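Below: final-v8.cif (mmCIF, C-alpha atoms and all ligand atoms)
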data_data
#
loop_
_atom_site.label_atom_id
_atom_site.label_comp_id
_atom_site.auth_asym_id
_atom_site.auth_seq_id
_atom_site.Cartn_x
_atom_site.Cartn_y
_atom_site.Cartn_z
CA MET A 1 11.39 -4.00 -7.93
CA ILE A 2 11.72 -2.95 -4.30
CA GLU A 3 14.13 -4.87 -2.11
CA PHE A 4 14.33 -4.65 1.67
CA ASN A 5 17.62 -6.07 2.86
CA HIS A 6 17.68 -6.56 6.61
CA VAL A 7 15.97 -3.25 7.28
CA SER A 8 15.47 -1.98 10.82
CA LYS A 9 14.27 1.36 12.07
CA VAL A 10 14.73 2.49 15.63
CA TYR A 11 13.39 5.97 16.46
CA PRO A 12 15.61 8.24 18.56
CA ASN A 13 13.41 7.52 21.61
CA GLY A 14 14.27 3.82 21.34
CA THR A 15 11.07 2.56 19.69
CA THR A 16 11.76 -0.21 17.21
CA ALA A 17 9.35 0.41 14.34
CA LEU A 18 10.86 -2.07 11.85
CA ASN A 19 12.77 -5.12 12.87
CA GLU A 20 14.98 -6.88 10.31
CA VAL A 21 12.62 -6.72 7.38
CA ASP A 22 13.73 -8.80 4.40
CA LEU A 23 11.47 -8.94 1.37
CA GLN A 24 11.05 -8.06 -2.28
CA ILE A 25 8.14 -6.48 -4.11
CA GLU A 26 7.97 -7.15 -7.84
CA ASP A 27 6.79 -4.69 -10.48
CA GLY A 28 3.03 -4.70 -10.92
CA GLU A 29 2.15 -6.19 -7.54
CA PHE A 30 -0.72 -4.81 -5.46
CA VAL A 31 0.63 -5.19 -1.95
CA VAL A 32 -1.51 -4.36 1.07
CA VAL A 33 0.24 -3.90 4.39
CA VAL A 34 -1.89 -4.64 7.45
CA GLY A 35 -1.34 -4.55 11.18
CA LEU A 36 -2.56 -2.88 14.34
CA SER A 37 -2.03 0.81 14.88
CA GLY A 38 1.63 1.20 15.82
CA ALA A 39 2.72 -2.00 14.04
CA GLY A 40 5.07 -0.06 11.75
CA LYS A 41 3.00 0.28 8.55
CA SER A 42 3.67 3.98 7.99
CA THR A 43 7.34 3.58 8.84
CA PHE A 44 7.57 0.71 6.35
CA LEU A 45 5.99 2.79 3.60
CA ARG A 46 7.89 5.99 4.31
CA SER A 47 11.19 4.16 4.40
CA ILE A 48 10.72 3.26 0.74
CA ASN A 49 10.92 6.88 -0.44
CA ARG A 50 13.10 7.91 2.49
CA LEU A 51 10.64 10.17 4.20
CA HIS A 52 12.12 8.19 7.10
CA GLU A 53 15.75 7.12 7.31
CA VAL A 54 16.27 3.50 8.25
CA THR A 55 18.81 2.77 10.99
CA GLU A 56 20.02 -0.57 9.63
CA GLY A 57 20.01 -2.40 6.32
CA GLU A 58 19.27 -1.07 2.89
CA ILE A 59 16.37 -0.54 0.49
CA LEU A 60 17.00 -0.96 -3.23
CA ILE A 61 14.70 0.16 -6.02
CA ASN A 62 15.41 -1.52 -9.32
CA GLY A 63 18.79 -2.49 -7.97
CA GLU A 64 19.74 1.04 -6.90
CA SER A 65 20.11 1.89 -3.22
CA ILE A 66 17.76 4.66 -2.14
CA THR A 67 19.22 4.34 1.35
CA LYS A 68 22.60 5.50 0.05
CA ALA A 69 21.40 7.84 -2.69
CA ARG A 70 22.38 11.50 -2.38
CA GLY A 71 21.58 14.73 -4.18
CA SER A 72 20.36 14.42 -7.73
CA SER A 73 20.13 10.64 -7.74
CA LEU A 74 17.91 10.67 -4.63
CA TYR A 75 15.81 13.36 -6.30
CA ARG A 76 15.47 11.28 -9.47
CA MET A 77 14.58 8.12 -7.53
CA ARG A 78 11.94 9.95 -5.50
CA ARG A 79 10.40 11.37 -8.64
CA GLU A 80 9.43 7.83 -9.62
CA ILE A 81 7.55 7.27 -6.38
CA GLY A 82 4.09 8.72 -5.89
CA MET A 83 2.80 9.13 -2.35
CA ILE A 84 -0.81 9.22 -1.24
CA PHE A 85 -1.78 10.26 2.27
CA GLN A 86 -4.86 9.78 4.41
CA ASN A 87 -5.58 13.52 4.40
CA PHE A 88 -4.93 13.93 0.62
CA ASN A 89 -2.22 16.62 1.03
CA LEU A 90 -3.72 18.94 -1.56
CA VAL A 91 -3.40 22.71 -1.68
CA ARG A 92 -7.02 23.22 -0.77
CA ARG A 93 -7.42 26.74 -2.13
CA SER A 94 -5.80 25.94 -5.49
CA SER A 95 -7.55 24.46 -8.49
CA VAL A 96 -7.62 20.74 -9.12
CA MET A 97 -5.48 21.37 -12.22
CA ARG A 98 -2.83 23.25 -10.18
CA ASN A 99 -2.71 20.41 -7.70
CA VAL A 100 -2.24 17.79 -10.40
CA LEU A 101 0.34 19.95 -12.18
CA SER A 102 2.36 20.04 -8.97
CA GLY A 103 3.19 16.43 -9.80
CA ARG A 104 5.33 17.86 -12.63
CA VAL A 105 7.47 20.06 -10.37
CA GLY A 106 10.28 17.49 -10.20
CA TYR A 107 10.83 17.78 -13.95
CA HIS A 108 11.59 21.51 -14.06
CA SER A 109 13.91 24.14 -12.64
CA THR A 110 13.08 25.76 -9.32
CA LEU A 111 12.83 29.20 -10.90
CA ARG A 112 10.37 28.07 -13.51
CA MET A 113 8.25 26.48 -10.79
CA ILE A 114 8.35 29.57 -8.57
CA LEU A 115 6.94 31.46 -11.53
CA GLY A 116 4.39 28.71 -12.05
CA LEU A 117 5.33 28.28 -15.71
CA PHE A 118 4.24 24.79 -16.64
CA PRO A 119 4.73 23.94 -20.32
CA ARG A 120 1.76 23.08 -22.50
CA GLU A 121 2.58 19.36 -22.53
CA ASP A 122 2.42 19.27 -18.74
CA LYS A 123 -1.13 20.51 -18.92
CA ASP A 124 -1.93 17.70 -21.34
CA ILE A 125 -0.31 15.16 -19.02
CA ALA A 126 -2.26 16.56 -16.06
CA MET A 127 -5.53 16.45 -17.99
CA GLN A 128 -4.90 12.85 -19.04
CA ALA A 129 -4.22 11.97 -15.41
CA LEU A 130 -7.53 13.56 -14.43
CA GLU A 131 -9.30 11.61 -17.16
CA ARG A 132 -7.92 8.39 -15.74
CA VAL A 133 -9.67 9.07 -12.45
CA ASN A 134 -12.72 10.53 -14.20
CA LEU A 135 -12.39 14.02 -12.84
CA GLN A 136 -11.60 16.00 -16.00
CA GLU A 137 -14.77 18.03 -15.46
CA LYS A 138 -13.45 19.22 -12.10
CA ALA A 139 -10.13 20.49 -13.47
CA TYR A 140 -10.91 24.13 -12.76
CA SER A 141 -12.79 23.70 -9.49
CA ARG A 142 -11.10 24.60 -6.26
CA ALA A 143 -9.76 21.47 -4.58
CA ASP A 144 -11.72 22.07 -1.40
CA GLU A 145 -15.01 22.17 -3.32
CA LEU A 146 -14.62 18.46 -4.02
CA SER A 147 -15.77 15.60 -1.80
CA GLY A 148 -13.19 13.66 0.19
CA GLY A 149 -13.20 10.77 -2.26
CA GLN A 150 -12.76 13.13 -5.19
CA GLN A 151 -9.90 14.90 -3.43
CA GLN A 152 -8.19 11.58 -2.90
CA ARG A 153 -8.61 10.80 -6.59
CA VAL A 154 -7.00 14.17 -7.39
CA SER A 155 -4.03 13.09 -5.32
CA ILE A 156 -3.91 9.86 -7.35
CA ALA A 157 -3.96 11.97 -10.54
CA ARG A 158 -1.07 14.01 -9.14
CA ALA A 159 0.95 10.80 -8.73
CA LEU A 160 0.08 9.86 -12.32
CA ALA A 161 1.13 13.29 -13.61
CA GLN A 162 4.40 12.76 -11.76
CA GLU A 163 4.85 9.68 -13.99
CA ALA A 164 5.57 7.63 -10.91
CA LYS A 165 6.39 3.97 -11.42
CA LEU A 166 5.26 3.09 -7.96
CA ILE A 167 2.54 4.40 -5.67
CA LEU A 168 2.79 4.31 -1.89
CA ALA A 169 -0.54 4.93 -0.18
CA ASP A 170 -0.71 5.37 3.58
CA GLU A 171 -4.26 4.60 4.72
CA PRO A 172 -5.73 6.28 1.63
CA VAL A 173 -9.34 5.52 2.55
CA ALA A 174 -9.20 5.92 6.32
CA SER A 175 -11.19 9.15 6.29
CA LEU A 176 -13.70 8.09 3.63
CA ASP A 177 -17.11 6.43 3.74
CA PRO A 178 -17.68 2.96 2.23
CA MET A 179 -18.99 4.24 -1.12
CA THR A 180 -16.06 6.55 -1.79
CA THR A 181 -13.66 3.99 -0.37
CA LYS A 182 -14.72 1.70 -3.18
CA GLN A 183 -14.22 4.41 -5.82
CA VAL A 184 -10.74 5.25 -4.60
CA MET A 185 -9.69 1.61 -4.30
CA ASP A 186 -11.17 0.85 -7.74
CA ASP A 187 -9.08 3.67 -9.22
CA LEU A 188 -5.92 2.27 -7.63
CA ALA A 189 -6.79 -1.22 -8.87
CA ARG A 190 -7.47 -0.02 -12.41
CA ILE A 191 -4.23 1.98 -12.56
CA ASN A 192 -2.35 -1.04 -11.22
CA LYS A 193 -3.74 -3.17 -14.04
CA GLU A 194 -3.75 -0.68 -16.90
CA LEU A 195 -0.33 0.83 -16.26
CA ASN A 196 1.20 -2.14 -14.44
CA MET A 197 1.99 0.33 -11.69
CA THR A 198 3.19 -1.22 -8.43
CA MET A 199 0.99 -0.38 -5.44
CA VAL A 200 2.00 -0.59 -1.80
CA VAL A 201 -1.00 0.36 0.32
CA ASN A 202 -1.47 0.44 4.08
CA LEU A 203 -5.02 -0.44 5.02
CA HIS A 204 -6.93 -0.81 8.21
CA PHE A 205 -10.00 -2.68 6.94
CA ILE A 206 -9.43 -6.38 6.44
CA ASP A 207 -12.22 -6.94 3.93
CA VAL A 208 -10.92 -4.07 1.75
CA ALA A 209 -7.41 -5.53 1.98
CA ARG A 210 -8.72 -8.93 0.88
CA GLN A 211 -10.71 -7.51 -1.99
CA TYR A 212 -7.90 -5.53 -3.62
CA ALA A 213 -4.56 -7.05 -2.66
CA THR A 214 -2.69 -9.62 -4.65
CA ARG A 215 -0.33 -10.00 -1.70
CA ILE A 216 -0.68 -9.25 2.00
CA ILE A 217 2.16 -8.26 4.28
CA GLY A 218 1.28 -8.46 7.97
CA LEU A 219 3.29 -6.41 10.45
CA ARG A 220 3.31 -6.84 14.21
CA GLU A 221 5.62 -4.75 16.38
CA GLY A 222 7.79 -3.98 13.36
CA GLU A 223 8.18 -7.59 12.27
CA VAL A 224 6.81 -9.24 9.18
CA VAL A 225 4.62 -11.98 10.65
CA PHE A 226 2.85 -12.87 7.40
CA ASP A 227 3.79 -12.39 3.77
CA GLY A 228 1.87 -14.25 1.11
CA PRO A 229 -0.79 -14.26 -1.56
CA VAL A 230 -4.16 -12.92 -0.50
CA GLY A 231 -5.72 -16.38 -0.80
CA GLN A 232 -3.58 -17.58 2.07
CA ALA A 233 -4.53 -14.73 4.39
CA THR A 234 -7.24 -16.57 6.30
CA ASP A 235 -9.11 -15.26 9.35
CA GLU A 236 -6.66 -17.20 11.52
CA ILE A 237 -3.75 -15.44 9.82
CA PHE A 238 -5.36 -12.05 10.43
CA SER A 239 -5.95 -12.90 14.10
CA ASP A 240 -2.30 -13.83 14.30
CA ILE A 241 -1.18 -10.55 12.68
CA TYR A 242 -3.40 -8.61 15.07
CA GLY A 243 -2.46 -10.76 18.05
CA ARG A 244 -6.16 -11.27 18.82
CA PRO A 245 -9.45 -12.10 17.08
CA VAL A 246 -10.50 -9.64 14.40
CA HIS A 247 -12.90 -6.93 15.62
CA LYS A 248 -15.99 -5.73 13.80
CA ASP A 249 -14.51 -2.26 13.40
CA GLU A 250 -11.75 -3.75 11.29
CA MET A 251 -14.34 -4.73 8.69
CA LEU A 252 -15.90 -2.12 6.49
CA GLY A 253 -18.64 -4.61 5.80
CA GLU A 254 -20.52 -2.64 3.15
CA MET A 255 -18.52 -3.28 0.00
N1 LIG B 1 8.60 10.02 14.95
C1 LIG B 1 8.51 9.00 15.82
N2 LIG B 1 9.23 8.99 16.97
C2 LIG B 1 9.15 7.97 17.84
N3 LIG B 1 8.39 6.88 17.66
C3 LIG B 1 7.64 6.84 16.55
C4 LIG B 1 7.66 7.88 15.57
N4 LIG B 1 6.81 7.56 14.57
C5 LIG B 1 6.30 6.36 14.91
N5 LIG B 1 6.78 5.92 16.09
C6 LIG B 1 6.49 4.64 16.76
O1 LIG B 1 6.91 3.61 15.89
C7 LIG B 1 5.98 2.54 15.91
C8 LIG B 1 5.44 2.32 14.50
O2 LIG B 1 4.70 3.46 14.11
P1 LIG B 1 3.99 3.59 12.69
O3 LIG B 1 4.96 3.22 11.64
O4 LIG B 1 3.38 4.93 12.63
O5 LIG B 1 2.87 2.45 12.79
P2 LIG B 1 1.46 2.32 12.04
O6 LIG B 1 1.51 3.13 10.81
O7 LIG B 1 1.31 0.85 11.78
O8 LIG B 1 0.42 2.79 13.00
C9 LIG B 1 4.91 2.93 16.92
O9 LIG B 1 5.28 2.37 18.16
C10 LIG B 1 5.01 4.44 16.98
O10 LIG B 1 4.60 4.92 18.23
MG MG B 2 0.29 4.65 10.14
#

Please rewrite the model in this file as structure tokens.
Ligand SMILES: Nc1ncnc2c1ncn2[C@@H]1O[C@H](COP(=O)(O)OP(=O)(O)O)[C@@H](O)[C@H]1O
Ligand SMILES: [Mg+2]
Amino acid sequence: MIEFNHVSKVYPNGTTALNEVDLQIEDGEFVVVVGLSGAGKSTFLRSINRLHEVTEGEILINGESITKARGSSLYRMRREIGMIFQNFNLVRRSSVMRNVLSGRVGYHSTLRMILGLFPREDKDIAMQALERVNLQEKAYSRADELSGGQQQRVSIARALAQEAKLILADEPVASLDPMTTKQVMDDLARINKELNMTMVVNLHFIDVARQYATRIIGLREGEVVFDGPVGQATDEIFSDIYGRPVHKDEMLGEM
């Protein structure tokens, strides 16, 4: 469970990116965070694994404060959180296998990792992760030989190899076409169901959000202006989150 207790984030230049956010996310939820560009979606997501420090309040994960965690406990908490980025964040010139194995780095000593000595069982874990996203045949291809959608699925496999309990995905399909968008979102949905893995996903396209979310959180200027089951997120609600009627370019429209 993730708990936001009165969380605010003000950047050093004075921008308020999160304003007194109070909410809980239960294990196994598929939460989609929506809002205009600049609404605070990335800040919200990155606060959870402390890529950003919050300026007020506290975030708890399974009852333990990540806001206050230091040293090895912060390290251990972060290990349980997989992160997926719009641009995949793969080592492009390395093999798919190497990239997925990098999800195991948090389980071993620095020296061992500098030498690149992953134990046999890590390779099995990595291969299983690749099977889950149906890319086992690409294990020994170079990452940059894969299509964008495949690269994003490699980054999902890396989070699986990390044995994360929770996946944070920041606009994971923003640079993909509708076909591959569906494949990537289907993978996230399947992993959510099969492994009961919590998903918190920032999305731009409203129809994609509706199709995959169990719960929608709407942000506007750093404030939660809607939080409820997807069935309650009507067009009027979306217009309210966006502060204006929904535009065509906020619909993918081909799924
Ligand atoms: N490093 C930063 N320094 C100052 N302001 C920032 C920084 N990152 C984001 N912001 C501002 O914080 C607000 C929320 O940004 P962000 O979380 O990236 O929103 P979103 O992901 O919804 O587009 C925006 O006004 C943005 O300009
Ligand atoms: Mg963003």

A:Arg98, A:Arg210, A:Arg76, A:Arg112 ranked by distance to Ser141 (chain A), top pick (using only C-alpha atoms):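 Ranked by minimum distance to Ser141 (chain A), first place goes to A:Arg98.
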
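Between ligand MG 2 (chain B) and the residues A:Ser65, A:Asn202, A:Ser175, A:Asn13, the shortest atom-to-atom distance, using all atoms listed in the file, involves A:Asn202.
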
Expected selection as a PyMOL selection string for ligand MG 2 (chain B) within 7 Å, all atoms listed in the file: chain A and resi 37-38+40-42+170

Nearest-residue call for ligand LIG 1 (chain B), choices A:Lys123, A:Arg46, A:His6, A:Arg70, using all atoms listed in the file: A:Arg46

Expected selection as a VMD selection string for ligand LIG 1 (chain B) within 10 Å, all atoms listed in the file: chain A and resid 9 to 18 33 to 47 52 170 to 171 202 to 204 219 to 222

Option closest in space to Gln152 (chain A), from A:Gln86, A:Ser94, A:Thr110, A:Gln128 [counting all atoms listed in the file]: A:Gln86

Computed interatomic separation between CA of Ile2 (chain A) and CA of Ala161 (chain A) (Å):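 According to the coordinates, CA of Ile2 (chain A) and CA of Ala161 (chain A) are separated by 21.5 Å.
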
Between CA of Leu90 (chain A) and CA of Arg142 (chain A) - distance in Å to one decimal: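 Those two atoms sit 10.4 Å apart.
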